[in-house]
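*Asks:* Compact mmCIF, C-alpha atoms and all ligand atoms, file query-v1.txt:
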```
# COMPACT_ATOMS: atom_id res chain seq x y z
CA MET D 1 0.00 0.00 0.00
CA GLU D 2 2.93 2.34 0.68
CA LYS D 3 4.54 1.76 -2.67
CA PRO D 4 4.55 4.96 -4.73
CA GLN D 5 2.48 4.75 -7.87
CA ILE D 6 3.67 6.11 -11.21
CA MET D 7 5.71 9.26 -11.26
CA SER D 8 4.68 10.64 -14.61
CA ASP D 9 5.79 14.26 -14.37
CA SER D 10 8.86 15.71 -12.70
CA SER D 11 6.88 18.82 -11.63
CA GLY D 12 4.45 16.56 -9.77
CA LEU D 13 4.16 16.84 -6.01
CA TYR D 14 4.62 14.06 -3.48
CA VAL D 15 1.12 13.51 -2.09
CA VAL D 16 0.07 11.16 0.68
CA VAL D 17 -3.61 10.21 0.43
CA LEU D 18 -5.06 9.02 3.73
CA ALA D 19 -7.85 6.45 3.57
CA GLY D 20 -9.33 3.74 5.75
CA GLY D 21 -9.15 4.36 9.48
CA ILE D 22 -11.23 2.72 12.16
CA SER D 23 -14.41 4.77 11.77
CA HIS D 24 -17.79 3.30 10.81
CA GLU D 25 -17.07 4.57 7.30
CA ARG D 26 -13.77 2.72 6.79
CA ASP D 27 -14.82 0.91 3.60
CA VAL D 28 -16.25 4.05 2.03
CA SER D 29 -13.04 5.88 2.86
CA LEU D 30 -10.88 3.19 1.24
CA ARG D 31 -12.91 3.53 -1.95
CA SER D 32 -12.67 7.32 -1.83
CA GLY D 33 -8.92 7.16 -1.24
CA ARG D 34 -8.30 4.89 -4.22
CA ARG D 35 -10.26 7.19 -6.52
CA VAL D 36 -8.43 10.28 -5.27
CA ALA D 37 -5.04 8.54 -5.62
CA ASP D 38 -5.83 7.52 -9.21
CA ALA D 39 -7.01 11.03 -10.10
CA LEU D 40 -3.86 12.59 -8.62
CA VAL D 41 -1.62 10.15 -10.50
CA ASP D 42 -3.50 11.20 -13.66
CA ALA D 43 -2.76 14.82 -12.73
CA GLY D 44 0.96 13.97 -12.68
CA HIS D 45 1.63 13.64 -8.95
CA ARG D 46 3.51 10.95 -7.05
CA VAL D 47 1.00 9.38 -4.71
CA VAL D 48 1.24 7.12 -1.69
CA LEU D 49 -1.97 5.72 -0.22
CA ARG D 50 -1.82 5.23 3.55
CA ASP D 51 -4.12 3.91 6.22
CA PRO D 52 -3.96 6.01 9.40
CA ASP D 53 -2.41 3.65 11.94
CA ALA D 54 0.21 3.86 14.68
CA ALA D 55 2.97 4.16 12.08
CA LEU D 56 1.39 7.10 10.23
CA LEU D 57 2.65 10.10 12.22
CA PRO D 58 6.30 8.91 12.33
CA PHE D 59 6.04 8.12 8.61
CA LEU D 60 4.83 11.64 7.79
CA ALA D 61 7.41 13.23 10.08
CA ASP D 62 10.19 11.32 8.24
CA GLU D 63 8.84 11.67 4.74
CA GLN D 64 7.65 15.30 4.87
CA PRO D 65 5.42 14.91 1.79
CA ASP D 66 4.52 18.06 -0.14
CA VAL D 67 0.82 17.63 0.64
CA VAL D 68 -1.50 15.28 2.52
CA PHE D 69 -4.96 14.64 1.08
CA PRO D 70 -7.18 13.15 3.80
CA ALA D 71 -10.00 11.01 2.39
CA LEU D 72 -11.08 9.85 5.85
CA HIS D 73 -14.80 9.98 6.51
CA GLY D 74 -16.26 9.83 9.96
CA SER D 75 -14.30 10.27 13.16
CA SER D 76 -10.55 11.00 13.27
CA GLY D 77 -10.74 12.60 9.81
CA GLU D 78 -13.90 14.68 10.00
CA ASP D 79 -13.82 15.33 13.75
CA GLY D 80 -10.65 17.38 13.23
CA SER D 81 -8.25 15.34 15.42
CA LEU D 82 -5.96 14.20 12.67
CA LEU D 83 -6.17 17.57 10.91
CA ASP D 84 -4.78 19.28 14.02
CA LEU D 85 -1.95 16.74 14.20
CA LEU D 86 -1.08 17.21 10.53
CA HIS D 87 -0.89 20.93 11.15
CA ALA D 88 1.32 20.36 14.20
CA LEU D 89 3.62 18.22 12.02
CA GLY D 90 3.88 21.08 9.52
CA VAL D 91 2.42 19.11 6.61
CA PRO D 92 0.29 21.09 4.14
CA THR D 93 -3.13 19.49 3.98
CA VAL D 94 -6.03 19.63 1.53
CA GLY D 95 -9.30 20.60 3.17
CA SER D 96 -10.57 22.31 6.26
CA THR D 97 -8.66 23.05 9.44
CA GLY D 98 -9.35 20.97 12.56
CA ALA D 99 -11.33 23.82 14.13
CA ALA D 100 -13.57 24.22 11.09
CA ALA D 101 -14.03 20.46 10.77
CA ARG D 102 -15.26 20.33 14.36
CA ARG D 103 -17.87 23.00 13.64
CA ALA D 104 -19.25 20.93 10.78
CA TRP D 105 -18.80 17.55 12.47
CA SER D 106 -21.17 18.49 15.27
CA LYS D 107 -24.54 18.66 13.52
CA PRO D 108 -26.13 20.69 16.34
CA VAL D 109 -23.29 23.26 16.16
CA ALA D 110 -23.34 23.39 12.36
CA THR D 111 -27.11 23.80 12.09
CA SER D 112 -27.23 26.58 14.66
CA LEU D 113 -24.37 28.52 13.01
CA VAL D 114 -25.85 28.10 9.54
CA ALA D 115 -29.33 29.08 10.79
CA GLY D 116 -27.74 32.20 12.28
CA ALA D 117 -26.54 33.14 8.79
CA GLY D 118 -30.13 33.03 7.52
CA VAL D 119 -30.34 29.58 5.93
CA SER D 120 -33.47 27.52 6.80
CA VAL D 121 -32.79 24.55 9.08
CA PRO D 122 -35.36 22.00 10.33
CA GLY D 123 -36.64 22.53 13.87
CA SER D 124 -34.92 20.12 16.24
CA ILE D 125 -34.33 19.06 19.82
CA VAL D 126 -30.84 17.93 20.78
CA LEU D 127 -30.52 15.40 23.60
CA SER D 128 -27.50 14.02 25.36
CA HIS D 129 -27.68 10.38 26.38
CA GLU D 130 -27.13 11.47 29.97
CA ALA D 131 -30.04 13.94 30.00
CA PHE D 132 -32.23 11.39 28.26
CA ARG D 133 -31.57 8.88 31.06
CA GLU D 134 -31.70 11.42 33.86
CA LEU D 135 -35.02 12.98 32.83
CA GLY D 136 -36.60 9.70 31.77
CA ALA D 137 -37.19 8.55 28.21
CA ALA D 138 -40.99 8.59 28.45
CA SER D 139 -41.38 12.15 29.68
CA VAL D 140 -38.63 13.51 27.40
CA LEU D 141 -40.21 11.93 24.35
CA ARG D 142 -43.66 13.23 25.31
CA VAL D 143 -42.30 16.80 25.24
CA VAL D 144 -40.43 16.13 21.98
CA ARG D 145 -43.54 14.79 20.26
CA ASN D 146 -45.63 17.77 21.32
CA ALA D 147 -42.99 20.26 20.21
CA LEU D 148 -42.21 18.79 16.77
CA GLU D 149 -45.23 18.06 14.64
CA GLY D 150 -45.44 15.50 11.87
CA ASP D 151 -42.83 12.96 10.84
CA LEU D 152 -39.47 13.12 12.58
CA VAL D 153 -35.90 12.17 11.78
CA VAL D 154 -33.69 10.89 14.59
CA LYS D 155 -29.94 10.91 14.03
CA PRO D 156 -26.64 10.86 15.89
CA GLY D 157 -25.18 14.29 16.65
CA SER D 158 -22.26 13.44 14.39
CA GLY D 159 -21.42 10.82 11.83
CA GLY D 160 -22.14 10.04 8.23
CA SER D 161 -23.43 7.66 5.58
CA ALA D 162 -26.89 7.80 7.24
CA GLN D 163 -25.72 5.38 9.94
CA GLY D 164 -27.95 5.55 13.01
CA VAL D 165 -30.48 7.72 11.14
CA THR D 166 -34.17 6.72 11.41
CA ILE D 167 -37.22 8.27 9.78
CA VAL D 168 -39.98 8.14 12.39
CA ASP D 169 -43.50 8.26 10.95
CA ASP D 170 -45.03 6.32 13.84
CA PRO D 171 -44.48 7.86 17.32
CA ASN D 172 -44.22 4.33 18.77
CA ASP D 173 -40.94 3.94 16.90
CA LEU D 174 -39.35 6.96 18.58
CA PRO D 175 -37.76 5.15 21.57
CA ARG D 176 -36.12 2.56 19.32
CA ALA D 177 -34.85 5.32 17.02
CA MET D 178 -33.26 7.07 20.01
CA VAL D 179 -31.48 3.91 21.09
CA GLU D 180 -30.20 3.45 17.54
CA ALA D 181 -28.85 7.01 17.37
CA PHE D 182 -27.19 6.68 20.79
CA THR D 183 -25.24 3.64 19.62
CA TYR D 184 -23.31 6.02 17.32
CA ASP D 185 -22.98 9.13 19.48
CA ASP D 186 -23.65 10.49 22.97
CA ILE D 187 -25.82 13.15 21.36
CA ALA D 188 -29.02 12.43 19.43
CA ILE D 189 -30.97 14.92 17.36
CA VAL D 190 -34.71 14.68 16.86
CA GLU D 191 -35.53 16.78 13.85
CA ARG D 192 -38.62 17.71 11.89
CA ARG D 193 -38.70 15.69 8.68
CA ILE D 194 -38.67 17.92 5.62
CA MET D 195 -40.55 16.39 2.72
CA GLY D 196 -39.17 17.19 -0.68
CA THR D 197 -36.21 16.70 -2.98
CA GLU D 198 -32.79 15.86 -1.63
CA LEU D 199 -30.03 17.99 -3.13
CA ALA D 200 -26.28 17.83 -2.51
CA VAL D 201 -24.11 20.79 -3.40
CA ALA D 202 -20.34 20.46 -3.69
CA VAL D 203 -18.40 23.64 -2.89
CA VAL D 204 -14.88 23.98 -4.27
CA ASP D 205 -12.29 26.69 -3.69
CA THR D 206 -9.06 26.35 -5.64
CA GLY D 207 -7.81 29.80 -4.65
CA ASP D 208 -10.35 32.23 -6.06
CA GLY D 209 -13.10 31.84 -3.47
CA PRO D 210 -15.67 29.12 -2.83
CA ARG D 211 -18.04 28.31 -5.67
CA ALA D 212 -20.82 25.75 -5.91
CA LEU D 213 -20.61 23.00 -8.51
CA THR D 214 -23.77 21.79 -10.25
CA PRO D 215 -26.20 20.66 -7.51
CA VAL D 216 -26.99 16.94 -7.68
CA GLU D 217 -30.52 15.64 -7.06
CA ILE D 218 -30.85 12.36 -5.20
CA GLU D 219 -33.82 10.06 -5.79
CA PRO D 220 -33.57 6.90 -3.64
CA ALA D 221 -35.59 3.97 -5.04
CA HIS D 222 -37.21 3.38 -1.64
CA GLY D 223 -37.74 7.00 -0.63
CA VAL D 224 -34.92 7.27 1.94
CA TYR D 225 -31.26 7.91 1.21
CA SER D 226 -30.09 5.17 3.59
CA PHE D 227 -26.71 3.45 3.84
CA GLN D 228 -27.92 0.74 1.42
CA ALA D 229 -29.25 3.35 -0.99
CA ARG D 230 -25.84 5.03 -0.99
CA TYR D 231 -23.46 2.19 -1.66
CA ASN D 232 -25.37 -0.32 -3.80
CA ALA D 233 -25.59 0.25 -7.53
CA GLY D 234 -29.11 0.88 -8.82
CA GLU D 235 -30.59 1.81 -5.42
CA THR D 236 -30.55 5.53 -6.13
CA THR D 237 -30.97 7.68 -9.21
CA PHE D 238 -28.91 10.86 -9.41
CA TYR D 239 -29.78 13.82 -11.55
CA ALA D 240 -26.97 16.21 -12.36
CA PRO D 241 -28.18 18.79 -13.18
CA SER D 242 -31.25 18.31 -11.00
CA ARG D 243 -34.81 18.45 -12.29
CA LEU D 244 -35.53 21.50 -10.12
CA ASN D 245 -35.81 24.87 -11.82
CA ASP D 246 -32.88 27.30 -12.14
CA ASP D 247 -34.15 29.68 -9.45
CA ILE D 248 -34.30 26.88 -6.90
CA THR D 249 -30.95 25.35 -7.80
CA SER D 250 -29.24 28.72 -7.69
CA ALA D 251 -30.84 29.45 -4.28
CA ALA D 252 -29.44 26.10 -3.06
CA ALA D 253 -26.03 26.87 -4.57
CA ASP D 254 -25.99 30.27 -2.79
CA ALA D 255 -27.08 28.67 0.49
CA ALA D 256 -24.29 26.08 0.13
CA VAL D 257 -21.60 28.72 -0.38
CA LEU D 258 -23.03 30.69 2.57
CA ALA D 259 -22.93 27.58 4.79
CA HIS D 260 -19.35 26.79 3.66
CA ARG D 261 -18.25 30.36 4.48
CA THR D 262 -20.20 30.53 7.75
CA LEU D 263 -18.55 27.35 9.03
CA GLY D 264 -15.16 28.64 7.88
CA LEU D 265 -14.59 25.61 5.63
CA ARG D 266 -11.72 25.40 3.18
CA ASP D 267 -11.01 23.84 -0.25
CA LEU D 268 -13.84 21.32 -0.61
CA SER D 269 -17.11 20.53 1.11
CA ARG D 270 -20.49 19.04 0.33
CA ILE D 271 -23.56 20.71 1.74
CA ASP D 272 -26.76 18.63 1.94
CA PHE D 273 -30.28 20.02 1.64
CA ILE D 274 -33.86 18.96 1.25
CA VAL D 275 -35.81 21.33 -1.01
CA ASP D 276 -39.47 21.54 0.02
CA GLU D 277 -42.50 22.06 -2.23
CA ALA D 278 -42.22 25.83 -1.94
CA GLY D 279 -38.65 25.64 -3.28
CA THR D 280 -36.92 26.44 0.02
CA PRO D 281 -33.62 24.60 0.57
CA TRP D 282 -33.40 23.28 4.16
CA PHE D 283 -29.84 22.73 5.37
CA LEU D 284 -29.22 19.23 6.79
CA GLU D 285 -25.46 19.12 7.24
CA ALA D 286 -22.03 20.02 5.91
CA ASN D 287 -19.42 17.38 5.08
CA VAL D 288 -15.77 18.46 5.22
CA ILE D 289 -14.43 15.22 3.74
CA PRO D 290 -17.28 14.17 1.48
CA GLY D 291 -17.46 10.76 -0.17
CA LEU D 292 -15.29 10.58 -3.28
CA THR D 293 -16.05 7.00 -4.37
CA GLU D 294 -17.21 5.97 -7.83
CA THR D 295 -20.85 6.31 -6.72
CA SER D 296 -20.40 9.48 -4.64
CA LEU D 297 -22.02 12.84 -5.19
CA VAL D 298 -18.95 15.07 -5.46
CA PRO D 299 -17.45 13.20 -8.45
CA LEU D 300 -20.87 13.42 -10.15
CA ALA D 301 -21.03 17.15 -9.47
CA ILE D 302 -17.50 17.59 -10.85
CA GLU D 303 -18.46 15.78 -14.04
CA ALA D 304 -21.76 17.67 -14.40
CA SER D 305 -19.86 20.93 -14.00
CA GLY D 306 -17.82 20.08 -17.10
CA THR D 307 -14.53 19.36 -15.39
CA GLU D 308 -12.60 16.30 -14.21
CA ALA D 309 -11.66 14.87 -10.83
CA SER D 310 -7.95 14.95 -11.74
CA ALA D 311 -8.20 18.69 -12.54
CA VAL D 312 -10.11 19.56 -9.36
CA TYR D 313 -8.07 17.41 -6.93
CA GLY D 314 -4.87 18.44 -8.72
CA ALA D 315 -5.76 22.13 -8.25
CA LEU D 316 -6.62 21.53 -4.57
CA VAL D 317 -3.26 19.84 -4.00
CA ARG D 318 -1.39 22.71 -5.71
CA ALA D 319 -3.32 25.28 -3.67
CA ALA D 320 -2.53 23.38 -0.44
CA ALA D 321 1.18 23.21 -1.33
CA ASP D 322 1.25 26.95 -2.06
CA ARG D 323 -0.58 27.72 1.16
CA GLY D 324 1.87 25.66 3.22
CA THR D 325 0.78 25.33 6.83
CA GLN D 326 -0.74 28.76 7.31
CA VAL D 327 -4.20 28.65 8.88
CA ASP D 328 -6.73 30.94 7.25
N1 LIG C 1 -34.71 16.74 8.62
C1 LIG C 1 -34.73 15.81 7.67
N2 LIG C 1 -35.79 15.69 6.85
C2 LIG C 1 -35.84 14.74 5.89
N3 LIG C 1 -34.86 13.84 5.69
C3 LIG C 1 -33.75 13.90 6.47
C4 LIG C 1 -33.63 14.89 7.50
N4 LIG C 1 -32.44 14.70 8.11
C5 LIG C 1 -31.86 13.64 7.51
N5 LIG C 1 -32.65 13.15 6.52
C6 LIG C 1 -32.35 11.99 5.64
O1 LIG C 1 -31.35 11.21 6.28
C7 LIG C 1 -30.15 11.20 5.50
C8 LIG C 1 -28.94 11.28 6.41
O2 LIG C 1 -29.00 12.45 7.20
P1 LIG C 1 -27.77 13.43 7.35
O3 LIG C 1 -28.12 14.44 8.39
O4 LIG C 1 -27.37 13.98 6.02
O5 LIG C 1 -26.66 12.47 7.95
P2 LIG C 1 -25.38 11.76 7.32
O6 LIG C 1 -24.23 12.54 7.88
O7 LIG C 1 -25.42 10.39 7.87
O8 LIG C 1 -25.45 11.85 5.83
C9 LIG C 1 -30.27 12.38 4.56
O9 LIG C 1 -29.51 12.14 3.40
C10 LIG C 1 -31.77 12.43 4.31
O10 LIG C 1 -32.14 11.46 3.35
MG MG C 2 -25.68 13.64 4.71
```
Take the structure I supplied and represent it as structure tokens, if you would.
Ligand SMILES: Nc1ncnc2c1ncn2[C@@H]1O[C@H](COP(=O)(O)OP(=O)(O)O)[C@@H](O)[C@H]1O
Ligand SMILES: [Mg+2]
*Replies:*
Amino acid sequence: MEKPQIMSDSSGLYVVVLAGGISHERDVSLRSGRRVADALVDAGHRVVLRDPDAALLPFLADEQPDVVFPALHGSSGEDGSLLDLLHALGVPTVGSTGAAARRAWSKPVATSLVAGAGVSVPGSIVLSHEAFRELGAASVLRVVRNALEGDLVVKPGSGGSAQGVTIVDDPNDLPRAMVEAFTYDDIAIVERRIMGTELAVAVVDTGDGPRALTPVEIEPAHGVYSFQARYNAGETTFYAPSRLNDDITSAAADAAVLAHRTLGLRDLSRIDFIVDEAGTPWFLEANVIPGLTETSLVPLAIEASGTEASAVYGALVRAAADRGTQVD
């Protein structure tokens, strides 16, 4: 795995792509990492693909690669820990800083900051496992049900790939949904379910400010964009461009750039929305290391925007090398 791939261009940079890890999204990350490594080799860089293990930090300290490209979804990558360590090692890194990643990683923090910037977010109640136990599940859930009308979505306070997420259309299912969310995180969010069209907007900044790529519409075969719907061929239909009208897609693109800026994100992010019948995009979450596999949304958005993964990732790597380790 450590063996360098082709060195096709002497001006190419030495890039370490990080993929794998021990998070719930390990397999997705490995697929993302392989795609990124291939695209960077195509762009003329020398690439080493590494799993983050106990040998990683000494390896990076010895090797001092030009740039690290983390393709680690879930904890350690997206919770900012490793990003802080990379910064401490003085290795230029593609993507957000640790501090910004933490703002996005916590869905309750991200939604409140993005709401403060004027983007619509679904009404929610955030519950720690401790408070839930202390105050008693039955009485907590009675208050929750009265406060949030209609169908609900229960999800862990952080995480990805829809793991631990339950759509609750029968109030009797609420306790089980809470238990499921708490298996992934000490915080659970109970959120109003927004009915409408799911839209993912990739935001890219290769040095001239963040811009939205073509928004991608997601139509899961069984109505919910679950883990199965994400990683099995044929389970979901993607439309890039989406079937929504131009006014709506440009409102979503603007909201995505606003969310990216508000959270202080850098280089690349994917902002997820549900667009309701009135055409309002409701912010669900921001991903600082979005999926980059062959069936992921960002590669589709790149293609629909008339460019190529090797060009975009290559430009991000160049921008990271030029930036060095400064934090902006
Ligand atoms: N408030 C909501 N209304 C409707 N659907 C939602 C809502 N929140 C989440 N979902 C559904 O659950 C999926 C996963 O939720 P999300 O918050 O994006 O978590 P993840 O980080 O796991 O992708 C979304 O892609 C969407 O299909
Ligand atoms: Mg999501």
*Asks:* What do you get as a JSON list (two decimals) with C-alpha atoms, in the frame of the given file if you pick all residues at most 7 Å from ligand MG 2 (chain C), counting all atoms listed in the file?
*Replies:*
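Writing the result to selection.json gives the following:
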```json
[["chain", "number", "residue", "atom", "x", "y", "z"],
["D", 160, "GLY", "CA", -22.14, 10.04, 8.23],
["D", 161, "SER", "CA", -23.43, 7.66, 5.58],
["D", 162, "ALA", "CA", -26.89, 7.80, 7.24],
["D", 272, "ASP", "CA", -26.76, 18.63, 1.94],
["D", 284, "LEU", "CA", -29.22, 19.23, 6.79],
["D", 285, "GLU", "CA", -25.46, 19.12, 7.24]]
```
*Asks:* Residues within 7 Å of ligand LIG 1 (chain C) should be enumerated using only C-alpha atoms and all ligand atoms and returned as a ChimeraX atom specification.
*Replies:* /D:122,153,155,158-163,165,191-195,198,224-226,272,274,284-285
*Asks:* One number please: atom CA of D:Leu244 to atom CA of D:Arg270, in Å, one decimal.
*Replies:*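 Going from atom CA of D:Leu244 over to atom CA of D:Arg270, I get 18.5 Å.
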*Asks:* Could you work out how far atom CA of D:Ala311 lies from atom CA of D:Asp205, giving the answer in Å with one decimal?
*Replies:*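 Atom CA of D:Asp205 sits 12.6 Å away from atom CA of D:Ala311.
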*Asks:* With all atoms listed in the file as the basis for distance, which of D:Ser106, D:Gln64, D:Thr197, D:Thr236 is at the shortest distance from D:Val91?
*Replies:*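 The closest residue to D:Val91 is D:Gln64.
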*Asks:* Contacts of stretch 65-74 of chain D at 8 Å or less, counting all atoms listed in the file, minus same-chain residues fewer than 2 places along, as a ChimeraX atom specification?
*Replies:* /D:13-21,23-26,28-30,32-33,36,60,63,76-79,91-95,159-160,289-292,317,320-321
*Asks:* Residues within 7 Å of D:Ile271, please, as a PyMOL selection string. Count only C-alpha atoms; anything in the same chain fewer than 4 positions from it doesn't count.
*Replies:* chain D and resi 200-202+256+285-287
